[in-house]
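Notes follow once the structure below has been shown.
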Amino acid sequence: MSQALRESIEFLQKKIGDFEPEVGIVLGTGLGGLVNDIEVLHSIMYSSIPNFPISTLEFHSGKLIFGILKGKKVVAMQGRLHYYEGYSMQQITFPIRVLKALGIKNLLVSNAAGSLNPEFKKGDLMIINDHINLQAESPLRGINDSDQGPRFPDMSQPYQKNLIAEGIKIAKAENITCHQGVYISVTGPNLETKAEYKYLRIIGGDAVGMSTVPEVIVANHMSLPVFAISVLTDEGFPEELKPISLEEIIATAAIAEPKMTKILSELISIL
């Protein structure tokens, strides 16, 4: 374990005592409302945690929330970090390593994404069953820490099939429109051009966003099972492309969020 990771863990353990989270949750843009369902025991600002990057986005709270949800001990990242904020890939994925070291056995990830598939509409949900990484580099670049994971981790099943099946089952039971698809991760922060949306669809994408994949790579490096879900907040269909603002994206996320929260909460209850 690196010195930086050890310092973060020691600080957090002093704050949370013998609380050992079972499930880690990453809440994406406009999707922090799940915290309202958590019986909060500890709330810790990123800025107070040694070596922890600080979210620079005004719509990301930047807190670690420890508490009870559906009878399970959870820790939620209320606000994630992005490569486009200027951090390295190792920095933005550092919190995932912290959560694993604290004891989590499963990682649930959410994000806001743009639809590339004409059958997937704004406001729908999409469970990610695979991804294409177009980010600038891998978070595993550099000297490998064999205590964390292998030099060349397998990525044939980055998202747990059994968790995907359970997520789909929950969505059907709750009458929630929820697709499965391939998520493409790009650097951002700019949105895509018509030609880029067309290209992303041609190479196999169903949704595009600026996060998630680095976190998933690091989770797989540590053999941590992952479930990931996107709220589709806009539509990147080249023939019908219209300007979109951040305010519109957040507003759509807020409308769809209760559906996503329902799926995540019910999934946590059976983990």
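In the structure tokens, each chain is lettered A, B, ... as it comes, each chain's residues begin at 1, and ligands are numbered from 1 in order of appearance.
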
Exercise for review: Mind checking which residues fall within 12 Å of Gly123 (chain A), counting only C-alpha atoms, ignoring those fewer than 2 positions away in the same chain, and posting them as JSON, numbers by chain?
Suggested key: {"A": [112, 113, 114, 115, 120, 121, 125, 126, 176, 177, 178, 179, 230, 231, 232, 233, 234, 235, 248, 249, 250, 251, 252, 253, 254, 255, 256, 257, 258, 259, 260]}

Exercise for review: Would you mind writing down, as an MDAnalysis selection string, each residue of region 47-154 of chain A that DSSP on the backbone assigns to strand (DSSP E)?
Suggested key: chainID A and resid 63:69 72:78 106:115 125:133

Exercise for review: Find, counting only C-alpha atoms, the residue in A:Asp130, A:Ala4, A:Ala195, A:Ser211 that gets nearest to Gly79 (chain A).
Suggested key: A:Ser211

Exercise for review: Enumerate, as a PyMOL selection string, the complete set of residues in region 26-264 of chain A that a backbone-based DSSP assignment places in helix (DSSP H, G or I).
Suggested key: chain A and resi 32-37+46-48+83-85+89-102+161-173+194-202+213-221+238-240+246-264

Pull C-alpha atoms from the residues just selected and write them as a PDB file, in the first residue's frame.
```pdb
ATOM      1  CA  GLY A  32     -26.558  12.945  -5.544  1.00  0.00           C
ATOM      2  CA  GLY A  33     -30.098  12.434  -4.275  1.00  0.00           C
ATOM      3  CA  LEU A  34     -29.518   8.823  -3.235  1.00  0.00           C
ATOM      4  CA  VAL A  35     -27.805  10.280  -0.174  1.00  0.00           C
ATOM      5  CA  ASN A  36     -31.257  11.349   1.081  1.00  0.00           C
ATOM      6  CA  ASP A  37     -32.134   7.659   1.494  1.00  0.00           C
ATOM      7  CA  TYR A  46     -12.930  15.512   0.366  1.00  0.00           C
ATOM      8  CA  SER A  47     -10.943  18.623   1.226  1.00  0.00           C
ATOM      9  CA  SER A  48     -10.299  17.321   4.765  1.00  0.00           C
ATOM     10  CA  TYR A  83      -9.742  13.884 -15.902  1.00  0.00           C
ATOM     11  CA  TYR A  84     -10.840  17.157 -17.532  1.00  0.00           C
ATOM     12  CA  GLU A  85     -10.574  18.903 -14.153  1.00  0.00           C
ATOM     13  CA  MET A  89      -5.858   9.359 -13.994  1.00  0.00           C
ATOM     14  CA  GLN A  90      -4.231   8.043 -10.818  1.00  0.00           C
ATOM     15  CA  GLN A  91      -5.642  10.968  -8.826  1.00  0.00           C
ATOM     16  CA  ILE A  92      -9.232  10.655 -10.052  1.00  0.00           C
ATOM     17  CA  THR A  93      -9.272   6.932  -9.297  1.00  0.00           C
ATOM     18  CA  PHE A  94      -7.496   7.234  -5.944  1.00  0.00           C
ATOM     19  CA  PRO A  95     -10.853   7.345  -4.077  1.00  0.00           C
ATOM     20  CA  ILE A  96     -11.798   3.932  -5.505  1.00  0.00           C
ATOM     21  CA  ARG A  97      -8.635   2.465  -4.038  1.00  0.00           C
ATOM     22  CA  VAL A  98      -9.497   4.118  -0.718  1.00  0.00           C
ATOM     23  CA  LEU A  99     -13.011   2.617  -0.720  1.00  0.00           C
ATOM     24  CA  LYS A 100     -11.642  -0.853  -1.480  1.00  0.00           C
ATOM     25  CA  ALA A 101      -9.086  -0.541   1.330  1.00  0.00           C
ATOM     26  CA  LEU A 102     -11.899   0.470   3.705  1.00  0.00           C
ATOM     27  CA  LYS A 161     -23.280 -10.224 -15.267  1.00  0.00           C
ATOM     28  CA  ASN A 162     -25.242 -11.272 -12.201  1.00  0.00           C
ATOM     29  CA  LEU A 163     -25.596  -7.651 -11.046  1.00  0.00           C
ATOM     30  CA  ILE A 164     -26.704  -6.586 -14.544  1.00  0.00           C
ATOM     31  CA  ALA A 165     -29.353  -9.328 -14.529  1.00  0.00           C
ATOM     32  CA  GLU A 166     -30.598  -8.255 -11.103  1.00  0.00           C
ATOM     33  CA  GLY A 167     -30.692  -4.604 -12.185  1.00  0.00           C
ATOM     34  CA  ILE A 168     -32.788  -5.449 -15.246  1.00  0.00           C
ATOM     35  CA  LYS A 169     -35.105  -7.587 -13.105  1.00  0.00           C
ATOM     36  CA  ILE A 170     -35.631  -4.713 -10.653  1.00  0.00           C
ATOM     37  CA  ALA A 171     -36.323  -2.247 -13.489  1.00  0.00           C
ATOM     38  CA  LYS A 172     -38.955  -4.556 -15.000  1.00  0.00           C
ATOM     39  CA  ALA A 173     -40.612  -5.112 -11.623  1.00  0.00           C
ATOM     40  CA  LYS A 194     -22.154  15.831 -35.208  1.00  0.00           C
ATOM     41  CA  ALA A 195     -19.315  13.948 -36.885  1.00  0.00           C
ATOM     42  CA  GLU A 196     -18.024  12.713 -33.528  1.00  0.00           C
ATOM     43  CA  TYR A 197     -21.444  11.467 -32.428  1.00  0.00           C
ATOM     44  CA  LYS A 198     -21.741   9.611 -35.746  1.00  0.00           C
ATOM     45  CA  TYR A 199     -18.288   8.069 -35.265  1.00  0.00           C
ATOM     46  CA  LEU A 200     -19.025   7.001 -31.687  1.00  0.00           C
ATOM     47  CA  ARG A 201     -22.192   5.264 -32.832  1.00  0.00           C
ATOM     48  CA  ILE A 202     -20.398   3.534 -35.730  1.00  0.00           C
ATOM     49  CA  VAL A 213     -14.370   3.911 -17.221  1.00  0.00           C
ATOM     50  CA  PRO A 214     -11.214   4.919 -15.288  1.00  0.00           C
ATOM     51  CA  GLU A 215     -12.975   3.958 -12.042  1.00  0.00           C
ATOM     52  CA  VAL A 216     -14.087   0.643 -13.536  1.00  0.00           C
ATOM     53  CA  ILE A 217     -10.575  -0.167 -14.774  1.00  0.00           C
ATOM     54  CA  VAL A 218      -9.142   0.407 -11.293  1.00  0.00           C
ATOM     55  CA  ALA A 219     -11.948  -1.611  -9.680  1.00  0.00           C
ATOM     56  CA  ASN A 220     -11.203  -4.516 -12.022  1.00  0.00           C
ATOM     57  CA  HIS A 221      -7.500  -4.173 -11.264  1.00  0.00           C
ATOM     58  CA  PRO A 238     -26.414  13.725 -35.700  1.00  0.00           C
ATOM     59  CA  GLU A 239     -29.466  14.310 -37.903  1.00  0.00           C
ATOM     60  CA  GLU A 240     -31.425  15.920 -35.055  1.00  0.00           C
ATOM     61  CA  LEU A 246     -25.466  21.986 -18.546  1.00  0.00           C
ATOM     62  CA  GLU A 247     -28.636  23.287 -16.896  1.00  0.00           C
ATOM     63  CA  GLU A 248     -30.754  21.126 -19.203  1.00  0.00           C
ATOM     64  CA  ILE A 249     -28.582  18.077 -18.521  1.00  0.00           C
ATOM     65  CA  ILE A 250     -28.883  18.522 -14.752  1.00  0.00           C
ATOM     66  CA  ALA A 251     -32.642  19.123 -15.009  1.00  0.00           C
ATOM     67  CA  THR A 252     -33.130  15.879 -16.976  1.00  0.00           C
ATOM     68  CA  ALA A 253     -30.930  13.997 -14.500  1.00  0.00           C
ATOM     69  CA  ALA A 254     -33.051  15.300 -11.620  1.00  0.00           C
ATOM     70  CA  ILE A 255     -36.248  14.011 -13.251  1.00  0.00           C
ATOM     71  CA  ALA A 256     -34.797  10.559 -13.967  1.00  0.00           C
ATOM     72  CA  GLU A 257     -32.871  10.248 -10.714  1.00  0.00           C
ATOM     73  CA  PRO A 258     -35.652   8.671  -8.599  1.00  0.00           C
ATOM     74  CA  LYS A 259     -35.826   5.766 -11.063  1.00  0.00           C
ATOM     75  CA  MET A 260     -32.079   5.223 -10.874  1.00  0.00           C
ATOM     76  CA  THR A 261     -32.157   5.538  -7.090  1.00  0.00           C
ATOM     77  CA  LYS A 262     -34.855   2.853  -6.907  1.00  0.00           C
ATOM     78  CA  ILE A 263     -32.761   0.397  -8.919  1.00  0.00           C
ATOM     79  CA  LEU A 264     -29.598   1.053  -6.917  1.00  0.00           C
TER      80      LEU A 264
END
```

Review point. Which residue gives the smallest distance to Ser55 (chain A) among A:Ile229, A:Leu5, A:Val23, A:Met77, with only C-alpha atoms counted?
Key: A:Met77

Practice item. For region 108-110 of chain A, list every protein, DNA or RNA residue within 6 Å, evaluated using only C-alpha atoms, and leave out those in the same chain fewer than 4 positions away; present the list as a list in words. Key: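 Close residues of region 108-110 of chain A: Ile25, Val26, Leu27, Gly28, Val226, Phe227, Ala228, Ile229 and Ser230 of chain A.
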
Revision key, fill the gap. note - CA of Ile104 (chain A) and CA of Gly86 (chain A) are separated by 27.5 Å

Point to revise | Contact residues around region 141-147 of chain A with only C-alpha atoms at 10 Å, ignoring same-chain residues under 2 positions, as a list in words | key: Met1, Ser2, Met89, Gln90, Glu137, Ser138, Pro139, Gly149, Pro150, Arg151, Phe152, His221 and Met222 of chain A

Study note, to complete from the structure: Correct to one decimal, the distance CA of Ala76 (chain A)-CA of Glu20 (chain A) is 12.8 Å

Practice item. Using only C-alpha atoms, pick whichever of A:Met45, A:Glu192, A:Gln148, A:Ser223 has the shortest atom-to-atom distance to Lys242 (chain A). Key: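 Residue with the minimum atom-to-atom distance to Lys242 (chain A): A:Glu192.
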
Check your understanding: Between CA of Ile128 (chain A) and CA of Arg80 (chain A), what is the distance, to one decimal in Å?
Key ->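 About the pair CA of Ile128 (chain A) and CA of Arg80 (chain A): they are 17.8 Å apart.
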
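Compared by their closest atoms to Met210 (chain A), and using only C-alpha atoms, the residues A:Leu224, A:Ile16, A:Leu191, A:Ile244 rank with A:Leu191 nearest.
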
Point to revise | Among the residues A:Asn129, A:Ser185, A:Gln13, A:Thr193, the one that comes closest to Pro158 (chain A) [using only C-alpha atoms] | key: A:Asn129
